[in-house]
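File shown: start.csv. Contents: CSV, C-alpha atoms and all ligand atoms.
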chain,number,residue,atom,x,y,z
A,248,MET,CA,0.0,0.0,0.0
A,249,MET,CA,1.4,3.4,-0.9
A,250,LYS,CA,2.7,5.5,2.0
A,251,ASP,CA,0.8,8.7,1.0
A,252,ASN,CA,-2.5,6.9,1.0
A,253,TRP,CA,-4.7,7.8,4.0
A,254,GLN,CA,-5.9,4.2,4.4
A,255,TYR,CA,-2.2,3.3,5.0
A,256,TYR,CA,-2.1,5.8,7.8
A,257,ALA,CA,-5.5,4.8,9.1
A,258,ARG,CA,-4.3,1.2,9.3
A,259,TYR,CA,-0.9,1.7,10.7
A,260,THR,CA,-2.0,3.7,13.7
A,261,LEU,CA,-0.5,3.4,17.2
A,262,LYS,CA,-3.0,1.4,19.2
A,263,GLY,CA,-2.9,0.5,22.9
A,264,ALA,CA,-0.4,1.2,25.6
A,265,ASN,CA,2.4,-1.2,24.6
A,266,GLN,CA,2.7,0.1,21.0
A,267,SER,CA,2.5,3.7,22.2
A,268,ASN,CA,5.1,3.3,25.0
A,269,ASP,CA,7.4,1.6,22.5
A,270,PHE,CA,7.1,4.3,20.0
A,271,PHE,CA,7.6,7.2,22.4
A,272,LYS,CA,10.1,5.3,24.6
A,273,ILE,CA,8.1,6.1,27.7
A,274,GLU,CA,6.0,4.2,30.1
A,275,ALA,CA,3.2,6.7,30.6
A,276,PHE,CA,0.5,5.0,28.5
A,277,LYS,CA,-1.9,2.6,30.3
A,278,ASP,CA,-4.6,0.6,28.7
A,279,GLN,CA,-8.0,2.0,29.5
A,280,ASP,CA,-11.8,2.1,28.6
A,281,PHE,CA,-11.3,4.8,25.9
A,282,PRO,CA,-8.5,3.0,24.0
A,283,ILE,CA,-5.4,4.8,22.9
A,284,LYS,CA,-5.3,5.5,19.2
A,285,ILE,CA,-2.7,7.8,17.6
A,286,PRO,CA,-2.2,8.2,13.8
A,287,LEU,CA,1.4,8.1,12.7
A,288,GLU,CA,1.2,11.5,11.0
A,289,PHE,CA,0.2,13.0,14.4
A,290,ALA,CA,2.7,10.9,16.3
A,291,GLN,CA,5.6,12.2,14.1
A,292,LEU,CA,4.8,15.8,15.2
A,293,ILE,CA,5.4,14.9,18.9
A,294,ASP,CA,8.7,15.8,20.4
A,295,LYS,CA,9.8,12.5,22.0
A,296,SER,CA,12.2,14.2,24.3
A,297,ASN,CA,9.4,16.3,25.9
A,298,LYS,CA,7.1,14.3,28.2
A,299,ASN,CA,4.9,17.4,28.4
A,300,ASP,CA,4.6,17.8,24.7
A,301,PRO,CA,1.2,19.5,24.0
A,302,LEU,CA,0.2,16.9,21.4
A,303,LEU,CA,1.3,14.0,23.5
A,304,ARG,CA,-0.7,15.4,26.4
A,305,GLN,CA,-3.9,15.1,24.4
A,306,VAL,CA,-3.6,11.4,23.7
A,307,ILE,CA,-2.2,10.3,27.0
A,308,SER,CA,-4.5,9.6,29.8
A,309,SER,CA,-3.7,10.9,33.3
A,310,LYS,CA,-7.1,10.0,34.4
A,311,VAL,CA,-8.3,10.7,37.9
A,312,LEU,CA,-10.0,7.4,38.5
A,313,SER,CA,-12.3,8.5,41.2
A,314,LYS,CA,-15.5,10.1,40.1
A,315,SER,CA,-15.5,13.9,40.3
A,316,GLU,CA,-18.4,16.1,41.0
A,317,ASN,CA,-19.9,17.7,37.9
A,318,PHE,CA,-18.2,15.3,35.5
A,319,SER,CA,-20.3,12.7,33.9
A,320,LEU,CA,-20.2,10.0,31.3
A,321,LEU,CA,-22.4,11.9,28.8
A,322,PRO,CA,-22.0,15.6,29.7
A,323,LEU,CA,-24.2,16.9,26.9
A,324,GLU,CA,-27.0,14.4,27.1
A,325,GLU,CA,-27.4,14.6,23.3
A,326,GLU,CA,-29.8,11.7,23.0
A,327,LYS,CA,-32.5,13.9,24.6
A,328,TYR,CA,-32.5,15.9,21.3
A,329,SER,CA,-32.6,12.9,18.9
A,330,PRO,CA,-36.1,12.5,17.4
A,331,VAL,CA,-34.7,10.0,14.9
A,332,ALA,CA,-31.7,7.6,15.4
A,333,GLY,CA,-28.5,9.3,14.2
A,334,LEU,CA,-29.9,12.8,14.0
A,335,ILE,CA,-29.7,15.5,16.8
A,336,HIS,CA,-31.9,18.5,16.5
A,337,LYS,CA,-31.2,21.3,19.0
A,338,TYR,CA,-31.7,24.4,16.9
A,339,PRO,CA,-34.6,25.2,14.5
A,340,ASN,CA,-32.5,25.7,11.4
A,341,ARG,CA,-29.9,22.9,11.6
A,342,VAL,CA,-29.6,19.2,12.4
A,343,LEU,CA,-26.5,17.2,13.3
A,344,LEU,CA,-26.0,13.8,11.9
A,345,ILE,CA,-23.8,11.1,13.5
A,346,THR,CA,-22.2,9.5,10.5
A,347,SER,CA,-19.4,7.4,11.9
A,348,GLN,CA,-18.3,6.0,15.2
A,349,VAL,CA,-14.7,5.9,14.1
A,350,CYS,CA,-12.1,8.7,14.6
A,351,ALA,CA,-8.6,8.9,13.3
A,352,ILE,CA,-7.4,9.7,16.8
A,353,HIS,CA,-8.7,9.3,20.3
A,354,CYS,CA,-8.5,12.6,22.2
A,355,GLN,CA,-8.6,11.9,25.9
A,356,TYR,CA,-10.9,14.9,26.6
A,357,CYS,CA,-13.5,13.8,24.1
A,358,PHE,CA,-17.1,14.5,25.3
A,359,ARG,CA,-18.4,11.7,23.1
A,360,GLN,CA,-16.1,8.9,24.3
A,361,ASN,CA,-19.1,7.2,25.9
A,362,PHE,CA,-21.7,8.0,23.3
A,363,ASN,CA,-24.0,5.2,22.3
A,364,TYR,CA,-22.9,5.0,18.6
A,365,SER,CA,-24.5,1.6,18.0
A,366,GLU,CA,-27.9,3.2,18.2
A,367,HIS,CA,-27.1,6.3,16.3
A,368,ASP,CA,-25.9,5.9,12.7
A,369,ALA,CA,-27.5,8.3,10.3
A,370,ILE,CA,-26.2,6.4,7.3
A,371,SER,CA,-27.8,3.0,8.1
A,372,ASN,CA,-30.9,4.9,9.2
A,373,TRP,CA,-30.8,7.2,6.2
A,374,ASN,CA,-34.5,6.8,5.0
A,375,GLU,CA,-35.8,8.0,8.4
A,376,VAL,CA,-33.2,10.8,8.6
A,377,GLN,CA,-34.0,12.0,5.1
A,378,ASN,CA,-37.8,12.0,5.8
A,379,TYR,CA,-37.3,14.0,8.9
A,380,ILE,CA,-35.2,16.7,7.1
A,381,VAL,CA,-37.5,16.7,4.1
A,382,ASN,CA,-40.5,17.3,6.3
A,383,ASP,CA,-39.1,20.3,8.1
A,384,VAL,CA,-38.4,23.2,5.7
A,385,LYS,CA,-37.0,25.3,8.5
A,386,ILE,CA,-33.9,23.2,8.4
A,387,ASN,CA,-31.4,24.8,6.0
A,388,GLU,CA,-28.1,23.4,7.3
A,389,VAL,CA,-26.9,19.8,7.9
A,390,ILE,CA,-23.9,19.3,10.2
A,391,LEU,CA,-21.9,16.1,9.8
A,392,SER,CA,-20.1,14.8,12.8
A,393,GLY,CA,-19.3,11.5,14.5
A,394,GLY,CA,-16.9,10.1,15.5
A,395,ASP,CA,-15.4,11.6,12.4
A,396,LEU,CA,-17.2,11.6,9.0
A,397,LEU,CA,-13.9,11.5,7.2
A,398,SER,CA,-13.2,8.0,8.5
A,399,LEU,CA,-15.7,7.0,5.7
A,400,SER,CA,-14.5,6.2,2.2
A,401,ASP,CA,-14.6,8.9,-0.4
A,402,ASP,CA,-17.3,6.9,-2.3
A,403,LYS,CA,-19.6,6.7,0.8
A,404,LEU,CA,-19.0,10.4,1.5
A,405,SER,CA,-19.9,11.4,-2.0
A,406,ILE,CA,-23.2,9.4,-1.9
A,407,LEU,CA,-24.1,11.0,1.4
A,408,ILE,CA,-23.3,14.5,0.3
A,409,ASP,CA,-25.3,14.0,-3.0
A,410,ASN,CA,-28.3,12.7,-0.9
A,411,ILE,CA,-28.2,15.8,1.2
A,412,ALA,CA,-27.8,18.1,-1.8
A,413,ASN,CA,-30.9,16.5,-3.3
A,414,ILE,CA,-33.0,18.0,-0.4
A,415,ALA,CA,-34.0,21.4,-2.0
A,416,HIS,CA,-34.2,23.5,1.2
A,417,ILE,CA,-30.7,22.5,2.5
A,418,LYS,CA,-28.3,25.3,1.7
A,419,THR,CA,-25.3,24.6,3.8
A,420,LEU,CA,-23.3,21.5,4.7
A,421,ARG,CA,-21.0,21.8,7.7
A,422,ILE,CA,-18.4,19.2,8.5
A,423,HIS,CA,-16.8,18.9,11.9
A,424,THR,CA,-13.5,17.0,11.6
A,425,ARG,CA,-10.2,16.5,13.3
A,426,SER,CA,-9.1,13.9,10.8
A,427,ILE,CA,-7.5,16.2,8.3
A,428,VAL,CA,-5.4,17.9,11.0
A,429,VAL,CA,-4.1,14.7,12.5
A,430,MET,CA,-3.9,12.8,9.2
A,431,PRO,CA,-3.5,15.3,6.3
A,432,SER,CA,-3.2,12.4,3.8
A,433,ARG,CA,-7.0,12.2,4.3
A,434,ILE,CA,-7.4,15.2,1.9
A,435,THR,CA,-7.5,13.2,-1.4
A,436,ASP,CA,-8.2,14.7,-4.8
A,437,LYS,CA,-11.6,12.9,-4.9
A,438,LEU,CA,-12.6,14.3,-1.5
A,439,ALA,CA,-11.5,17.8,-2.6
A,440,ASP,CA,-13.5,17.5,-5.8
A,441,THR,CA,-16.6,16.3,-4.0
A,442,LEU,CA,-16.5,19.2,-1.5
A,443,ASN,CA,-15.4,21.9,-4.0
A,444,GLN,CA,-18.0,21.0,-6.6
A,445,SER,CA,-21.1,20.5,-4.4
A,446,ARG,CA,-24.0,22.8,-5.0
A,447,LEU,CA,-24.1,23.3,-1.2
A,448,ASN,CA,-22.2,26.0,0.7
A,449,VAL,CA,-19.6,23.7,2.3
A,450,VAL,CA,-18.1,24.7,5.6
A,451,ILE,CA,-15.4,22.7,7.3
A,452,VAL,CA,-14.8,23.3,11.0
A,453,LEU,CA,-11.4,21.9,11.8
A,454,HIS,CA,-10.6,20.9,15.4
A,455,THR,CA,-7.1,22.1,16.0
A,456,ASN,CA,-5.8,22.9,19.5
A,457,HIS,CA,-2.1,23.8,19.0
A,458,ALA,CA,0.0,25.4,16.2
A,459,GLN,CA,2.3,22.4,16.4
A,460,GLU,CA,-0.5,20.3,14.9
A,461,LEU,CA,-0.5,22.3,11.7
A,462,SER,CA,2.2,20.5,9.8
A,463,VAL,CA,3.9,21.3,6.5
A,464,LYS,CA,1.9,18.5,4.9
A,465,PHE,CA,-1.3,19.8,6.3
A,466,ALA,CA,-0.5,23.3,4.9
A,467,GLN,CA,0.1,21.7,1.4
A,468,LYS,CA,-3.0,19.6,1.5
A,469,ILE,CA,-5.5,22.2,2.8
A,470,THR,CA,-4.9,24.3,-0.4
A,471,LYS,CA,-6.9,21.6,-2.3
A,472,LEU,CA,-10.1,22.7,-0.5
A,473,SER,CA,-10.4,25.9,-2.5
A,474,GLY,CA,-14.2,25.9,-2.7
A,475,VAL,CA,-14.7,25.4,1.1
A,476,THR,CA,-15.1,27.9,3.9
A,477,LEU,CA,-12.5,26.9,6.5
A,478,LEU,CA,-13.1,27.6,10.2
A,479,ASN,CA,-11.4,26.2,13.3
A,480,GLN,CA,-12.6,25.4,16.8
A,481,SER,CA,-10.3,24.5,19.7
A,482,VAL,CA,-10.9,23.1,23.1
A,483,LEU,CA,-9.2,25.1,25.9
A,484,LEU,CA,-7.1,22.4,27.6
A,485,LYS,CA,-4.9,22.7,30.6
A,486,GLY,CA,-1.3,21.8,29.9
A,487,VAL,CA,-2.0,22.0,26.1
A,488,ASN,CA,-3.0,25.5,25.0
A,489,ASP,CA,-3.9,27.5,28.2
A,490,SER,CA,-1.3,30.2,27.5
A,491,ILE,CA,-1.6,33.5,25.7
A,492,LYS,CA,1.5,32.7,23.6
A,493,ILE,CA,0.2,29.4,22.4
A,494,LEU,CA,-3.3,30.6,21.6
A,495,THR,CA,-2.0,33.7,19.8
A,496,GLU,CA,0.4,31.5,17.7
A,497,LEU,CA,-2.4,29.1,16.9
A,498,CYS,CA,-4.8,31.9,15.6
A,499,LEU,CA,-2.1,33.5,13.5
A,500,LYS,CA,-1.0,30.3,12.0
A,501,LEU,CA,-4.5,29.3,11.2
A,502,PHE,CA,-5.0,32.6,9.4
A,503,ASP,CA,-1.8,32.1,7.4
A,504,LEU,CA,-3.4,28.9,6.1
A,505,GLY,CA,-6.7,30.6,5.2
A,506,ILE,CA,-8.6,29.3,8.3
A,507,LEU,CA,-10.6,31.6,10.6
A,508,PRO,CA,-10.6,30.9,14.4
A,509,TYR,CA,-14.3,30.3,15.2
A,510,TYR,CA,-14.7,28.9,18.7
A,511,LEU,CA,-12.6,28.4,21.8
A,512,HIS,CA,-14.6,25.8,23.7
A,513,MET,CA,-14.5,25.3,27.4
A,514,LEU,CA,-14.0,21.6,28.3
A,515,ASP,CA,-17.1,19.5,28.3
A,516,LYS,CA,-17.0,17.8,31.7
A,517,VAL,CA,-16.7,14.1,30.7
A,518,GLN,CA,-15.5,11.7,33.4
A,519,GLY,CA,-11.8,11.2,33.2
A,520,ALA,CA,-11.0,14.6,31.7
A,521,GLN,CA,-10.7,16.4,34.9
A,522,ASP,CA,-7.0,17.2,34.5
A,523,PHE,CA,-7.7,19.2,31.3
A,524,LEU,CA,-10.1,21.7,33.0
A,525,VAL,CA,-9.2,25.4,32.8
A,526,LYS,CA,-11.1,27.5,35.3
A,527,ASP,CA,-13.6,30.0,34.0
A,528,ASP,CA,-11.7,33.0,35.5
A,529,ASP,CA,-8.5,31.9,33.8
A,530,ALA,CA,-10.2,31.3,30.5
A,531,ILE,CA,-11.9,34.8,30.5
A,532,GLN,CA,-8.5,36.4,31.3
A,533,LEU,CA,-6.8,34.5,28.5
A,534,HIS,CA,-9.6,35.6,26.1
A,535,GLN,CA,-9.2,39.2,27.1
A,536,GLN,CA,-5.5,39.0,26.4
A,537,LEU,CA,-6.2,37.4,23.0
A,538,LYS,CA,-8.4,40.4,22.2
A,539,ASN,CA,-5.5,42.7,22.9
A,540,ASN,CA,-3.1,40.6,20.8
A,541,LEU,CA,-5.2,40.0,17.7
A,542,SER,CA,-7.5,41.8,15.3
A,543,GLY,CA,-11.1,41.2,16.1
A,544,TYR,CA,-11.7,38.7,13.3
A,545,LEU,CA,-9.0,36.5,14.5
A,546,VAL,CA,-10.3,36.1,18.1
A,547,PRO,CA,-12.4,32.9,18.5
A,548,LYS,CA,-15.6,33.1,20.6
A,549,LEU,CA,-15.2,31.7,24.1
A,550,VAL,CA,-18.1,29.3,24.6
A,551,ARG,CA,-19.4,26.5,26.7
A,552,ASP,CA,-22.0,24.0,25.5
A,553,ASN,CA,-24.5,24.0,28.3
A,554,GLY,CA,-26.0,20.6,27.4
A,555,ASN,CA,-29.4,22.1,26.8
A,556,HIS,CA,-30.4,24.0,23.8
A,557,SER,CA,-27.6,26.5,23.4
A,558,LYS,CA,-24.1,27.6,24.1
A,559,ASP,CA,-23.2,29.9,26.9
A,560,TRP,CA,-21.1,32.8,25.7
A,561,LEU,CA,-18.5,33.4,28.4
A,562,LEU,CA,-17.9,36.9,27.2
B,1,LIG,S1,-11.6,13.4,17.0
B,1,LIG,FE1,-13.3,14.5,18.0
B,1,LIG,S2,-14.9,12.9,18.2
B,1,LIG,FE2,-12.9,11.8,17.8
B,1,LIG,S3,-12.0,11.4,19.8
B,1,LIG,FE3,-11.2,13.4,19.1
B,1,LIG,S4,-12.6,14.9,20.0
B,1,LIG,FE4,-13.6,12.9,20.1
In structure tokens, how does this file's structure come out?
Amino acid sequence: MMKDNWQYYARYTLKGANQSNDFFKIEAFKDQDFPIKIPLEFAQLIDKSNKNDPLLRQVISSKVLSKSENFSLLPLEEEKYSPVAGLIHKYPNRVLLITSQVCAIHCQYCFRQNFNYSEHDAISNWNEVQNYIVNDVKINEVILSGGDLLSLSDDKLSILIDNIANIAHIKTLRIHTRSIVVMPSRITDKLADTLNQSRLNVVIVLHTNHAQELSVKFAQKITKLSGVTLLNQSVLLKGVNDSIKILTELCLKLFDLGILPYYLHMLDKVQGAQDFLVKDDDAIQLHQQLKNNLSGYLVPKLVRDNGNHSKDWLL
């Protein structure tokens, strides 16, 4: 299999504690409920001599095993807003589809790490999902999430996007993905053609937390998505990006690559992610400093998903 083929990287991913400890020559990885998974393209960006490397920190669990107050298995209770399996409808104009349970990487702060994917697959339940969207003309935007949609093949993606484009009142397709940051080989010519040529307004919201994740290869590949609006959202993570220098660098580097910073999310309080929590006061202070450092259009909105119908704007 060719080495610049994304399936190669998807297959030869570091999995489990033993492989990861061997690769990084450390003993910090432990096997756990949310299994370790690190794509090679991401692993190669990690400084093996730095045990506090900000990319390493995101994939290594330093889990507090005892239960913590206010942290739960499913912090956003998304299933409450799922009228049809695989579809989440929180806001009148848009629906979110769960399209895959697979991710290129397992981020240890992930709020969906305990999500019941087996009962929520919008693709296998497509007829019901489609009927629901067709029958509600207020919906003009479809958001594709997962897991990570881009773990599907280009052919499956193309069919799904065509099916969505066939619903006349849908204007915008938004894709939330971390795959193309952690595995840039995923941006194939066929994927780029599908997205660039769609009749829909296509928006990709990348999930990037640190400028070190934005590799040379990513910078080359992202230019293929010339017909797509590119935004970024980050999670504010203690020990990863909770510094004004790091956040400023990230926003500037994103802009250099044609990507606008969109959201800076407070951590969703999932059990096991306690060590990543940044306090509200510290987050607000960081955000104020960002406003001083950057032009307004480069400052992401500081938000927290409140698990109900909306986001809390912290500022
Ligand atoms: S890529 Fe996104 S959905 Fe997948 S583990 Fe990371 S945060 Fe969770």
**Message:** From (0.1, 12.7, 13.7), in the file's coordinates, out to 9 Å: which residues are reached, counting only C-alpha atoms? Answer as a PyMOL selection string.
**Reply:** chain A and resi 285-293+302+352+428-431+460+462
I want to know what sits within 10 Å of Asn410 (chain A), based on only C-alpha atoms, with residues of the same chain fewer than 5 positions away left out; could you give that as a PDB file with C-alpha atoms, in the coordinates of the input?
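Generated file (out_30.pdb):
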ATOM      1  CA  TRP A 373     -30.800   7.200   6.200  1.00  0.00           C
ATOM      2  CA  GLN A 377     -34.000  12.000   5.100  1.00  0.00           C
ATOM      3  CA  LEU A 404     -19.000  10.400   1.500  1.00  0.00           C
ATOM      4  CA  SER A 405     -19.900  11.400  -2.000  1.00  0.00           C
TER       5      SER A 405
END
**Exercise answer, 8 Å around ligand LIG 1 (chain B) with all atoms listed in the file, as an NGL selection string** = :A and (349-360 or 392-395 or 424-426 or 454)
**Message:** Would you compute the distance between CA of Ala257 (chain A) and CA of Ser432 (chain A)? Give it in Å to one decimal.
**Reply:** 9.5 Å
**Fill in**
Leu484 (chain A) proximity check over A:Val525, A:Val449, A:Ala369, A:Leu391, using all atoms listed in the file: winner is A:Val525
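The list of residues with at least one atom within 12 Å of Ile506 (chain A), based on only C-alpha atoms and without residues fewer than 3 positions apart in the same chain, reads Val450, Ile451, Val452, Leu453, His454, Thr455, Leu461, Ala466, Ile469, Thr470, Leu472, Ser473, Val475, Thr476, Leu477, Leu478, Asn479, Gln480, Leu497, Cys498, Leu499, Lys500, Leu501, Phe502, Asp503, Tyr509, Tyr544, Leu545 and Pro547 of chain A.
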**Complete:** Closest of A:Leu399, A:Ala530, A:Ile386, A:Ala458 to Tyr338 (chain A), counting only C-alpha atoms, is A:Ile386
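Residue nearest His416 (chain A), chosen from A:Arg341, A:Thr441, A:Ser400, A:Leu303 and counting all atoms listed in the file: A:Arg341.
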**Request:** Tell me, in Å to one decimal, how far CA of Leu397 (chain A) is from CA of Leu438 (chain A).
**Result:** 9.2 Å
Quick one: region 532-542 of chain A with all heavy atoms, as an mmCIF file, in the first residue's frame?
data_model
loop_
_atom_site.group_PDB
_atom_site.id
_atom_site.type_symbol
_atom_site.label_atom_id
_atom_site.label_comp_id
_atom_site.auth_asym_id
_atom_site.auth_seq_id
_atom_site.Cartn_x
_atom_site.Cartn_y
_atom_site.Cartn_z
ATOM 1 N N GLN A 532 -9.726 35.543 31.363
ATOM 2 C CA GLN A 532 -8.522 36.386 31.326
ATOM 3 C C GLN A 532 -7.707 36.133 30.046
ATOM 4 O O GLN A 532 -7.251 37.066 29.379
ATOM 5 C CB GLN A 532 -7.680 36.083 32.561
ATOM 6 C CG GLN A 532 -6.719 37.197 32.878
ATOM 7 C CD GLN A 532 -5.921 36.915 34.131
ATOM 8 O OE1 GLN A 532 -6.108 35.886 34.805
ATOM 9 N NE2 GLN A 532 -5.026 37.809 34.451
ATOM 10 N N LEU A 533 -7.556 34.863 29.700
ATOM 11 C CA LEU A 533 -6.826 34.532 28.469
ATOM 12 C C LEU A 533 -7.514 35.156 27.256
ATOM 13 O O LEU A 533 -6.861 35.679 26.351
ATOM 14 C CB LEU A 533 -6.792 33.006 28.282
ATOM 15 C CG LEU A 533 -5.707 32.241 29.022
ATOM 16 C CD1 LEU A 533 -5.973 30.740 28.938
ATOM 17 C CD2 LEU A 533 -4.336 32.561 28.422
ATOM 18 N N HIS A 534 -8.829 35.068 27.244
ATOM 19 C CA HIS A 534 -9.573 35.588 26.105
ATOM 20 C C HIS A 534 -9.428 37.108 25.994
ATOM 21 O O HIS A 534 -9.296 37.648 24.885
ATOM 22 C CB HIS A 534 -11.047 35.167 26.226
ATOM 23 C CG HIS A 534 -11.807 35.338 24.959
ATOM 24 N ND1 HIS A 534 -12.635 36.415 24.729
ATOM 25 C CD2 HIS A 534 -11.844 34.595 23.826
ATOM 26 C CE1 HIS A 534 -13.154 36.312 23.524
ATOM 27 N NE2 HIS A 534 -12.699 35.214 22.947
ATOM 28 N N GLN A 535 -9.429 37.790 27.141
ATOM 29 C CA GLN A 535 -9.220 39.244 27.117
ATOM 30 C C GLN A 535 -7.853 39.568 26.529
ATOM 31 O O GLN A 535 -7.702 40.498 25.725
ATOM 32 C CB GLN A 535 -9.307 39.820 28.544
ATOM 33 C CG GLN A 535 -10.678 39.755 29.183
ATOM 34 C CD GLN A 535 -11.674 40.742 28.552
ATOM 35 O OE1 GLN A 535 -11.370 41.387 27.562
ATOM 36 N NE2 GLN A 535 -12.869 40.821 29.097
ATOM 37 N N GLN A 536 -6.849 38.776 26.922
ATOM 38 C CA GLN A 536 -5.498 39.014 26.396
ATOM 39 C C GLN A 536 -5.451 38.751 24.885
ATOM 40 O O GLN A 536 -4.774 39.453 24.144
ATOM 41 C CB GLN A 536 -4.491 38.115 27.116
ATOM 42 C CG GLN A 536 -4.265 38.516 28.565
ATOM 43 C CD GLN A 536 -3.382 37.494 29.267
ATOM 44 O OE1 GLN A 536 -3.696 36.296 29.334
ATOM 45 N NE2 GLN A 536 -2.279 37.945 29.800
ATOM 46 N N LEU A 537 -6.183 37.733 24.454
ATOM 47 C CA LEU A 537 -6.228 37.442 23.014
ATOM 48 C C LEU A 537 -6.789 38.635 22.248
ATOM 49 O O LEU A 537 -6.314 38.978 21.164
ATOM 50 C CB LEU A 537 -7.141 36.243 22.752
ATOM 51 C CG LEU A 537 -6.529 34.853 22.564
ATOM 52 C CD1 LEU A 537 -7.614 33.883 22.103
ATOM 53 C CD2 LEU A 537 -5.368 34.846 21.586
ATOM 54 N N LYS A 538 -7.815 39.275 22.819
ATOM 55 C CA LYS A 538 -8.419 40.433 22.158
ATOM 56 C C LYS A 538 -7.416 41.576 22.027
ATOM 57 O O LYS A 538 -7.479 42.353 21.087
ATOM 58 C CB LYS A 538 -9.646 40.905 22.942
ATOM 59 C CG LYS A 538 -10.831 39.974 22.801
ATOM 60 C CD LYS A 538 -12.127 40.716 23.039
ATOM 61 C CE LYS A 538 -12.793 40.290 24.264
ATOM 62 N NZ LYS A 538 -14.041 40.898 24.593
ATOM 63 N N ASN A 539 -6.500 41.676 23.003
ATOM 64 C CA ASN A 539 -5.462 42.707 22.904
ATOM 65 C C ASN A 539 -4.434 42.360 21.840
ATOM 66 O O ASN A 539 -3.882 43.229 21.181
ATOM 67 C CB ASN A 539 -4.740 42.868 24.252
ATOM 68 C CG ASN A 539 -5.644 43.448 25.308
ATOM 69 O OD1 ASN A 539 -6.617 44.105 24.988
ATOM 70 N ND2 ASN A 539 -5.336 43.190 26.574
ATOM 71 N N ASN A 540 -4.143 41.058 21.696
ATOM 72 C CA ASN A 540 -3.066 40.626 20.804
ATOM 73 C C ASN A 540 -3.456 40.556 19.338
ATOM 74 O O ASN A 540 -2.595 40.618 18.467
ATOM 75 C CB ASN A 540 -2.594 39.211 21.198
ATOM 76 C CG ASN A 540 -1.629 39.239 22.354
ATOM 77 O OD1 ASN A 540 -1.424 40.274 22.948
ATOM 78 N ND2 ASN A 540 -1.038 38.097 22.665
ATOM 79 N N LEU A 541 -4.761 40.348 19.090
ATOM 80 C CA LEU A 541 -5.177 40.001 17.730
ATOM 81 C C LEU A 541 -6.258 40.933 17.212
ATOM 82 O O LEU A 541 -7.065 41.447 17.991
ATOM 83 C CB LEU A 541 -5.749 38.565 17.713
ATOM 84 C CG LEU A 541 -4.783 37.438 18.081
ATOM 85 C CD1 LEU A 541 -5.568 36.154 18.332
ATOM 86 C CD2 LEU A 541 -3.770 37.222 16.964
ATOM 87 N N SER A 542 -6.325 41.065 15.901
ATOM 88 C CA SER A 542 -7.455 41.775 15.285
ATOM 89 C C SER A 542 -8.738 41.010 15.607
ATOM 90 O O SER A 542 -8.720 39.776 15.747
ATOM 91 C CB SER A 542 -7.269 41.829 13.770
ATOM 92 O OG SER A 542 -6.043 42.440 13.472
#
